[in-house]
Amino acid sequence: MSDSTPADGKIEFGLALRRSDDIAGQARHIEALGYDYATTGEHVFFHVPTSNGFISLAVAAGATTTLKLMTSITLIPLYPAALCAKLAASLDVASGGRFHLGVGVGGEMPSEFEACGVPVRERGARTNEALEIMQRLWTEDDVTFEGRFNTLSGVTLEPKPASPPPVWVSGRQDAAWRRAARYGDGWLPYMYTPERLAESNEAIARYREDAGNPTPVTPGLFVFFCCHPDNDTAISYAAERLSKQYAQDFSQLVHKYAIAGDPDRCAARLREYTDAGARTIVLSAASPMSYIEQSERFMADEVLPRIRQAQD
């Protein structure tokens, strides 16, 4: 497993790409604002337009020089394991070792599983098997594997990454905690309160210890945000966007699962998550398209420096 721990234990911040067009421009914007990662999610079909993580980040890699690149997340069960290993290795090599693979099981859109010929009920088992195969293909030659879903007969993946891309396991439930402890370099939950984040970090550490692995899992977080000079406007923007994105009413959930408000409120909320252990925080703008860039810049200029200065 790769080392995904931020240098000197400092907190790192990523920013999610919010559009499927002008990826290069967005990536350069993220790098210029001082974020550590550009990330992107994916779905085959969803309530709002989405791209493909590998394709978007390949474009972002060519447009940037130091920015780390993370899928947040790749829907592992929708890919043949060997193909996913090849795509991740190719992107890591092409980007000069800047790629991080965020993984999850999906399932909130059963129609995309049906369309891809993958039973939803098998998504967890398929993901676990794929993660085992990918680690072997990234580090071994002549790989032979006979599993429930995959058969490999003495195959060798080339080119291999110089070191395996760090794997960030996402999810919300205990099965994801166990997956992170077994396969992950980092843990990237979403829709979590600070209290739930702390609980999950403790559980993952126990599961890791029980497995005899002394290398800790880096605690992370994926969280939606809207930063605006006016609190009420920020909350309204975030609720409207998330309600559309997840096809449910988020008006009463914004304060629980998102960071929304003026810079003071956003900084205070971020500190709750860092106090709960988060060291790599991926932020995703939840606001109208017309305000996304202002929100991203406002967060970078007015909020993140307070968190970083507190570490110095």
# chains A, B, ... in the order shown; residues from 1 in each chain; ligands from 1

$ residues_around --residues "Ala60 (chain A)" --least-positions-apart "2" --cutoff "7 Å" --atoms "only C-alpha atoms" --output "ChimeraX atom specification"
/A:23-24,27,56-58,62-64

$ closest_atom_pairs --of "region 49-120 of chain A" --to "region 243-252 of chain A" --cutoff "12 Å" --atoms "only C-alpha atoms" --output "JSON lines"
{"residue": "A:Pro49", "atom": "CA", "partner": "A:Gln245", "partner_atom": "CA", "distance": 9.3}
{"residue": "A:Thr50", "atom": "CA", "partner": "A:Gln245", "partner_atom": "CA", "distance": 10.6}
{"residue": "A:Glu108", "atom": "CA", "partner": "A:Tyr246", "partner_atom": "CA", "distance": 9.2}
{"residue": "A:Met109", "atom": "CA", "partner": "A:Tyr246", "partner_atom": "CA", "distance": 10.3}

$ write_last_selection --atoms "all heavy atoms" --output "mmCIF file, in the first residue's frame"
data_model
loop_
_atom_site.group_PDB
_atom_site.id
_atom_site.type_symbol
_atom_site.label_atom_id
_atom_site.label_comp_id
_atom_site.auth_asym_id
_atom_site.auth_seq_id
_atom_site.Cartn_x
_atom_site.Cartn_y
_atom_site.Cartn_z
ATOM 1 N N PRO A 49 -25.817 15.856 -14.577
ATOM 2 C CA PRO A 49 -24.750 15.414 -15.484
ATOM 3 C C PRO A 49 -23.468 15.067 -14.724
ATOM 4 O O PRO A 49 -23.075 15.768 -13.782
ATOM 5 C CB PRO A 49 -24.534 16.633 -16.385
ATOM 6 C CG PRO A 49 -25.818 17.390 -16.323
ATOM 7 C CD PRO A 49 -26.333 17.196 -14.928
ATOM 8 N N THR A 50 -22.836 13.968 -15.122
ATOM 9 C CA THR A 50 -21.553 13.575 -14.545
ATOM 10 C C THR A 50 -20.638 13.095 -15.654
ATOM 11 O O THR A 50 -21.095 12.644 -16.706
ATOM 12 C CB THR A 50 -21.695 12.449 -13.499
ATOM 13 O OG1 THR A 50 -22.258 11.296 -14.140
ATOM 14 C CG2 THR A 50 -22.578 12.867 -12.343
ATOM 15 N N GLU A 108 -26.734 3.829 -5.323
ATOM 16 C CA GLU A 108 -27.854 4.752 -5.195
ATOM 17 C C GLU A 108 -28.635 4.916 -6.495
ATOM 18 O O GLU A 108 -29.733 5.456 -6.489
ATOM 19 C CB GLU A 108 -27.388 6.117 -4.670
ATOM 20 C CG GLU A 108 -26.369 6.822 -5.534
ATOM 21 C CD GLU A 108 -24.941 6.551 -5.107
ATOM 22 O OE1 GLU A 108 -24.550 5.372 -5.082
ATOM 23 O OE2 GLU A 108 -24.224 7.522 -4.805
ATOM 24 N N MET A 109 -28.035 4.453 -7.605
ATOM 25 C CA MET A 109 -28.721 4.466 -8.899
ATOM 26 C C MET A 109 -28.755 3.038 -9.452
ATOM 27 O O MET A 109 -27.910 2.648 -10.266
ATOM 28 C CB MET A 109 -28.003 5.395 -9.878
ATOM 29 C CG MET A 109 -28.206 6.863 -9.600
ATOM 30 S SD MET A 109 -29.899 7.418 -9.905
ATOM 31 C CE MET A 109 -29.951 7.387 -11.692
#

$ closest_residue --among "A:Ser287, A:Thr193, A:Thr156, A:Thr218" --to "Ala181 (chain A)" --atoms "only C-alpha atoms"
A:Thr218

$ select_by_dssp --residues "region 56-161 of chain A" --states "strand (DSSP E or B)" --output "NGL selection string"
:A and (68-71 or 74-75 or 99-104 or 143-146 or 151-155)

$ residues_around --residues "region 173-176 of chain A" --least-positions-apart "6" --cutoff "12 Å" --atoms "only C-alpha atoms" --output "JSON, numbers by chain"
{"A": [103, 104, 105, 106, 123, 124, 125, 127, 128, 182, 183, 184, 186, 187, 188, 189, 190, 191, 192, 196, 197, 199, 200, 201, 202, 203, 204, 207]}

$ residues_around --residues "region 289-300 of chain A" --least-positions-apart "4" --cutoff "7 Å" --atoms "only C-alpha atoms" --output "ChimeraX atom specification"
/A:33,226-228,285,304

$ residues_around --residues "region 306-310 of chain A" --least-positions-apart "5" --cutoff "12 Å" --atoms "only C-alpha atoms" --output "compact mmCIF listing (two decimals) with N, CA, C and O atoms, in the first residue's frame"
# COMPACT_ATOMS: atom_id res chain seq x y z
N GLY A 9 2.13 15.63 8.54
CA GLY A 9 0.83 15.53 9.19
C GLY A 9 -0.08 16.71 8.94
O GLY A 9 -1.12 16.86 9.60
N LYS A 10 0.26 17.58 7.98
CA LYS A 10 -0.55 18.77 7.74
C LYS A 10 -1.85 18.41 7.03
O LYS A 10 -1.96 17.39 6.36
N ILE A 11 -2.82 19.27 7.20
CA ILE A 11 -4.11 19.06 6.56
C ILE A 11 -4.03 19.50 5.11
O ILE A 11 -3.51 20.58 4.79
N GLU A 12 -4.53 18.65 4.21
CA GLU A 12 -4.56 18.96 2.79
C GLU A 12 -6.01 19.13 2.34
O GLU A 12 -6.92 18.52 2.91
N PHE A 13 -6.18 19.94 1.30
CA PHE A 13 -7.52 20.22 0.80
C PHE A 13 -7.59 19.93 -0.69
O PHE A 13 -6.71 20.29 -1.46
N GLY A 34 -4.40 27.15 -4.91
CA GLY A 34 -3.60 26.56 -3.84
C GLY A 34 -4.16 25.29 -3.23
O GLY A 34 -3.67 24.84 -2.19
N TYR A 35 -5.18 24.70 -3.85
CA TYR A 35 -5.67 23.42 -3.37
C TYR A 35 -4.63 22.34 -3.67
O TYR A 35 -3.84 22.45 -4.62
N PRO A 263 -17.49 33.07 6.13
CA PRO A 263 -16.18 32.50 6.44
C PRO A 263 -16.00 32.07 7.89
O PRO A 263 -15.37 31.03 8.15
N ASP A 264 -16.55 32.83 8.83
CA ASP A 264 -16.42 32.44 10.23
C ASP A 264 -17.11 31.10 10.50
O ASP A 264 -16.55 30.22 11.17
N ARG A 265 -18.31 30.97 9.99
CA ARG A 265 -19.06 29.73 10.22
C ARG A 265 -18.39 28.55 9.50
O ARG A 265 -18.29 27.45 10.06
N CYS A 266 -17.93 28.78 8.28
CA CYS A 266 -17.27 27.70 7.54
C CYS A 266 -15.99 27.25 8.23
O CYS A 266 -15.71 26.05 8.32
N ALA A 267 -15.21 28.21 8.74
CA ALA A 267 -13.97 27.87 9.43
C ALA A 267 -14.25 27.08 10.70
O ALA A 267 -13.57 26.10 11.01
N ALA A 268 -15.27 27.49 11.43
CA ALA A 268 -15.63 26.79 12.66
C ALA A 268 -16.07 25.36 12.37
O ALA A 268 -15.72 24.42 13.09
N ARG A 269 -16.84 25.19 11.30
CA ARG A 269 -17.31 23.86 10.94
C ARG A 269 -16.15 22.98 10.47
O ARG A 269 -16.08 21.80 10.83
N LEU A 270 -15.24 23.55 9.69
CA LEU A 270 -14.08 22.79 9.26
C LEU A 270 -13.25 22.33 10.45
O LEU A 270 -12.72 21.22 10.46
N ARG A 271 -13.11 23.19 11.43
CA ARG A 271 -12.33 22.82 12.62
C ARG A 271 -12.98 21.64 13.36
O ARG A 271 -12.27 20.82 13.95
N GLU A 272 -14.29 21.56 13.34
CA GLU A 272 -14.94 20.41 13.96
C GLU A 272 -14.51 19.12 13.28
O GLU A 272 -14.29 18.10 13.94
N TYR A 273 -14.38 19.16 11.96
CA TYR A 273 -13.96 17.96 11.22
C TYR A 273 -12.47 17.67 11.43
O TYR A 273 -12.08 16.49 11.55
N THR A 274 -11.64 18.70 11.46
CA THR A 274 -10.22 18.43 11.69
C THR A 274 -10.00 17.95 13.12
O THR A 274 -9.15 17.09 13.37
N ASP A 275 -10.77 18.47 14.07
CA ASP A 275 -10.68 17.98 15.45
C ASP A 275 -11.11 16.52 15.54
O ASP A 275 -10.64 15.78 16.42
N ALA A 278 -9.91 14.49 10.54
CA ALA A 278 -9.74 14.62 9.09
C ALA A 278 -8.42 15.31 8.76
O ALA A 278 -8.12 16.37 9.29
N ARG A 279 -7.64 14.69 7.85
CA ARG A 279 -6.38 15.27 7.42
C ARG A 279 -6.33 15.54 5.93
O ARG A 279 -5.48 16.30 5.47
N ILE A 281 -9.15 16.72 3.18
CA ILE A 281 -10.54 17.13 3.06
C ILE A 281 -10.83 17.55 1.63
O ILE A 281 -10.23 18.50 1.12
N MET A 299 -13.64 30.39 -0.31
CA MET A 299 -13.16 29.37 0.62
C MET A 299 -11.63 29.35 0.66
O MET A 299 -11.03 29.30 1.74
N ALA A 300 -11.00 29.40 -0.52
CA ALA A 300 -9.54 29.34 -0.58
C ALA A 300 -8.89 30.57 0.05
O ALA A 300 -7.84 30.46 0.72
N ASP A 301 -9.48 31.74 -0.14
CA ASP A 301 -8.86 32.97 0.33
C ASP A 301 -9.19 33.32 1.78
O ASP A 301 -8.35 33.89 2.49

$ closest_residue --among "A:Lys68, A:His43, A:Arg126, A:Arg18" --to "Thr280 (chain A)" --atoms "only C-alpha atoms"
A:Lys68

$ atom_distance --atom1 "CA of Thr66 (chain A)" --atom2 "CA of Ala85 (chain A)"
23.1 Å

$ closest_residue --among "A:Leu75, A:Leu242, A:Val59, A:Met70" --to "Gly171 (chain A)" --atoms "only C-alpha atoms"
A:Leu75

$ select_by_dssp --residues "region 13-99 of chain A" --states "helix (DSSP H, G or I)" --output "ChimeraX atom specification"
/A:23-32,53-63,76-78,81-94

$ write_last_selection --atoms "N, CA, C and O atoms" --output "compact mmCIF listing (two decimals), in the first residue's frame"
# COMPACT_ATOMS: atom_id res chain seq x y z
N ILE A 23 -12.36 21.02 -18.52
CA ILE A 23 -11.66 20.38 -17.41
C ILE A 23 -10.29 21.02 -17.20
O ILE A 23 -9.86 21.26 -16.07
N ALA A 24 -9.59 21.29 -18.31
CA ALA A 24 -8.26 21.87 -18.20
C ALA A 24 -8.31 23.23 -17.49
O ALA A 24 -7.49 23.50 -16.60
N GLY A 25 -9.26 24.06 -17.86
CA GLY A 25 -9.40 25.36 -17.22
C GLY A 25 -9.72 25.25 -15.74
O GLY A 25 -9.17 25.98 -14.91
N GLN A 26 -10.63 24.33 -15.41
CA GLN A 26 -10.97 24.13 -14.00
C GLN A 26 -9.76 23.65 -13.20
O GLN A 26 -9.53 24.11 -12.08
N ALA A 27 -9.00 22.72 -13.77
CA ALA A 27 -7.84 22.17 -13.06
C ALA A 27 -6.79 23.25 -12.82
O ALA A 27 -6.21 23.33 -11.73
N ARG A 28 -6.54 24.07 -13.82
CA ARG A 28 -5.58 25.17 -13.63
C ARG A 28 -6.07 26.15 -12.58
O ARG A 28 -5.28 26.68 -11.78
N HIS A 29 -7.39 26.39 -12.56
CA HIS A 29 -8.00 27.26 -11.55
C HIS A 29 -7.79 26.68 -10.15
O HIS A 29 -7.41 27.42 -9.22
N ILE A 30 -8.00 25.39 -10.00
CA ILE A 30 -7.83 24.74 -8.69
C ILE A 30 -6.37 24.82 -8.25
O ILE A 30 -6.07 25.11 -7.07
N GLU A 31 -5.44 24.56 -9.16
CA GLU A 31 -4.02 24.63 -8.82
C GLU A 31 -3.63 26.05 -8.43
O GLU A 31 -2.90 26.25 -7.46
N ALA A 32 -4.12 27.04 -9.17
CA ALA A 32 -3.78 28.43 -8.89
C ALA A 32 -4.31 28.90 -7.54
O ALA A 32 -3.70 29.74 -6.87
N GLY A 53 -14.34 9.68 -14.26
CA GLY A 53 -13.20 10.13 -13.48
C GLY A 53 -11.87 9.98 -14.19
O GLY A 53 -11.03 10.90 -14.17
N PHE A 54 -11.63 8.84 -14.81
CA PHE A 54 -10.34 8.63 -15.47
C PHE A 54 -10.14 9.61 -16.62
O PHE A 54 -9.05 10.16 -16.81
N ILE A 55 -11.18 9.82 -17.41
CA ILE A 55 -11.05 10.72 -18.56
C ILE A 55 -10.86 12.16 -18.10
O ILE A 55 -9.97 12.88 -18.59
N SER A 56 -11.67 12.61 -17.15
CA SER A 56 -11.54 13.99 -16.68
C SER A 56 -10.17 14.25 -16.06
O SER A 56 -9.55 15.29 -16.30
N LEU A 57 -9.68 13.32 -15.26
CA LEU A 57 -8.41 13.55 -14.59
C LEU A 57 -7.23 13.41 -15.54
O LEU A 57 -6.16 13.98 -15.30
N ALA A 58 -7.39 12.65 -16.63
CA ALA A 58 -6.34 12.62 -17.64
C ALA A 58 -6.17 13.99 -18.27
O ALA A 58 -5.05 14.46 -18.51
N VAL A 59 -7.30 14.66 -18.53
CA VAL A 59 -7.24 16.03 -19.06
C VAL A 59 -6.62 16.96 -18.02
O VAL A 59 -5.76 17.79 -18.34
N ALA A 60 -7.03 16.82 -16.76
CA ALA A 60 -6.50 17.67 -15.69
C ALA A 60 -5.00 17.46 -15.51
O ALA A 60 -4.26 18.41 -15.23
N ALA A 61 -4.54 16.23 -15.68
CA ALA A 61 -3.11 15.94 -15.53
C ALA A 61 -2.28 16.70 -16.55
O ALA A 61 -1.21 17.24 -16.24
N GLY A 62 -2.78 16.77 -17.79
CA GLY A 62 -2.05 17.46 -18.83
C GLY A 62 -2.05 18.96 -18.69
O GLY A 62 -1.23 19.65 -19.30
N ALA A 63 -2.97 19.49 -17.88
CA ALA A 63 -3.10 20.94 -17.73
C ALA A 63 -2.41 21.48 -16.49
O ALA A 63 -2.36 22.69 -16.29
N ILE A 76 -16.14 1.12 -8.56
CA ILE A 76 -15.35 -0.07 -8.86
C ILE A 76 -16.16 -1.24 -9.40
O ILE A 76 -15.74 -1.90 -10.35
N PRO A 77 -17.34 -1.56 -8.85
CA PRO A 77 -18.04 -2.75 -9.35
C PRO A 77 -18.54 -2.65 -10.78
O PRO A 77 -18.89 -3.67 -11.38
N LEU A 78 -18.55 -1.45 -11.36
CA LEU A 78 -19.02 -1.30 -12.74
C LEU A 78 -17.90 -1.55 -13.76
O LEU A 78 -18.16 -1.54 -14.96
N ALA A 81 -12.18 -5.78 -13.16
CA ALA A 81 -11.08 -5.44 -12.26
C ALA A 81 -9.79 -5.14 -13.01
O ALA A 81 -9.07 -4.19 -12.69
N ALA A 82 -9.46 -5.94 -14.00
CA ALA A 82 -8.21 -5.75 -14.75
C ALA A 82 -8.23 -4.44 -15.52
O ALA A 82 -7.21 -3.74 -15.62
N LEU A 83 -9.39 -4.07 -16.08
CA LEU A 83 -9.50 -2.82 -16.80
C LEU A 83 -9.33 -1.63 -15.87
O LEU A 83 -8.65 -0.65 -16.20
N CYS A 84 -9.91 -1.70 -14.69
CA CYS A 84 -9.77 -0.62 -13.72
C CYS A 84 -8.31 -0.47 -13.30
O CYS A 84 -7.79 0.65 -13.18
N ALA A 85 -7.63 -1.60 -13.10
CA ALA A 85 -6.21 -1.56 -12.75
C ALA A 85 -5.41 -0.91 -13.86
O ALA A 85 -4.49 -0.11 -13.60
N LYS A 86 -5.73 -1.22 -15.12
CA LYS A 86 -5.02 -0.66 -16.26
C LYS A 86 -5.24 0.85 -16.37
O LYS A 86 -4.30 1.62 -16.58
N LEU A 87 -6.48 1.29 -16.22
CA LEU A 87 -6.79 2.71 -16.31
C LEU A 87 -6.07 3.50 -15.21
O LEU A 87 -5.50 4.57 -15.45
N ALA A 88 -6.11 2.97 -13.99
CA ALA A 88 -5.46 3.66 -12.87
C ALA A 88 -3.95 3.72 -13.06
O ALA A 88 -3.32 4.76 -12.82
N ALA A 89 -3.36 2.61 -13.47
CA ALA A 89 -1.91 2.58 -13.69
C ALA A 89 -1.51 3.53 -14.81
O ALA A 89 -0.52 4.27 -14.69
N SER A 90 -2.27 3.54 -15.89
CA SER A 90 -1.96 4.41 -17.02
C SER A 90 -2.04 5.87 -16.64
O SER A 90 -1.18 6.69 -17.02
N LEU A 91 -3.05 6.24 -15.87
CA LEU A 91 -3.20 7.63 -15.45
C LEU A 91 -2.10 8.03 -14.48
O LEU A 91 -1.57 9.14 -14.53
N ASP A 92 -1.71 7.11 -13.60
CA ASP A 92 -0.64 7.41 -12.66
C ASP A 92 0.68 7.64 -13.39
O ASP A 92 1.41 8.58 -13.10
N VAL A 93 0.98 6.78 -14.35
CA VAL A 93 2.21 6.94 -15.13
C VAL A 93 2.18 8.23 -15.93
O VAL A 93 3.15 9.01 -15.95
N ALA A 94 1.06 8.51 -16.59
CA ALA A 94 0.95 9.70 -17.43
C ALA A 94 1.06 11.00 -16.62
O ALA A 94 1.54 12.01 -17.11
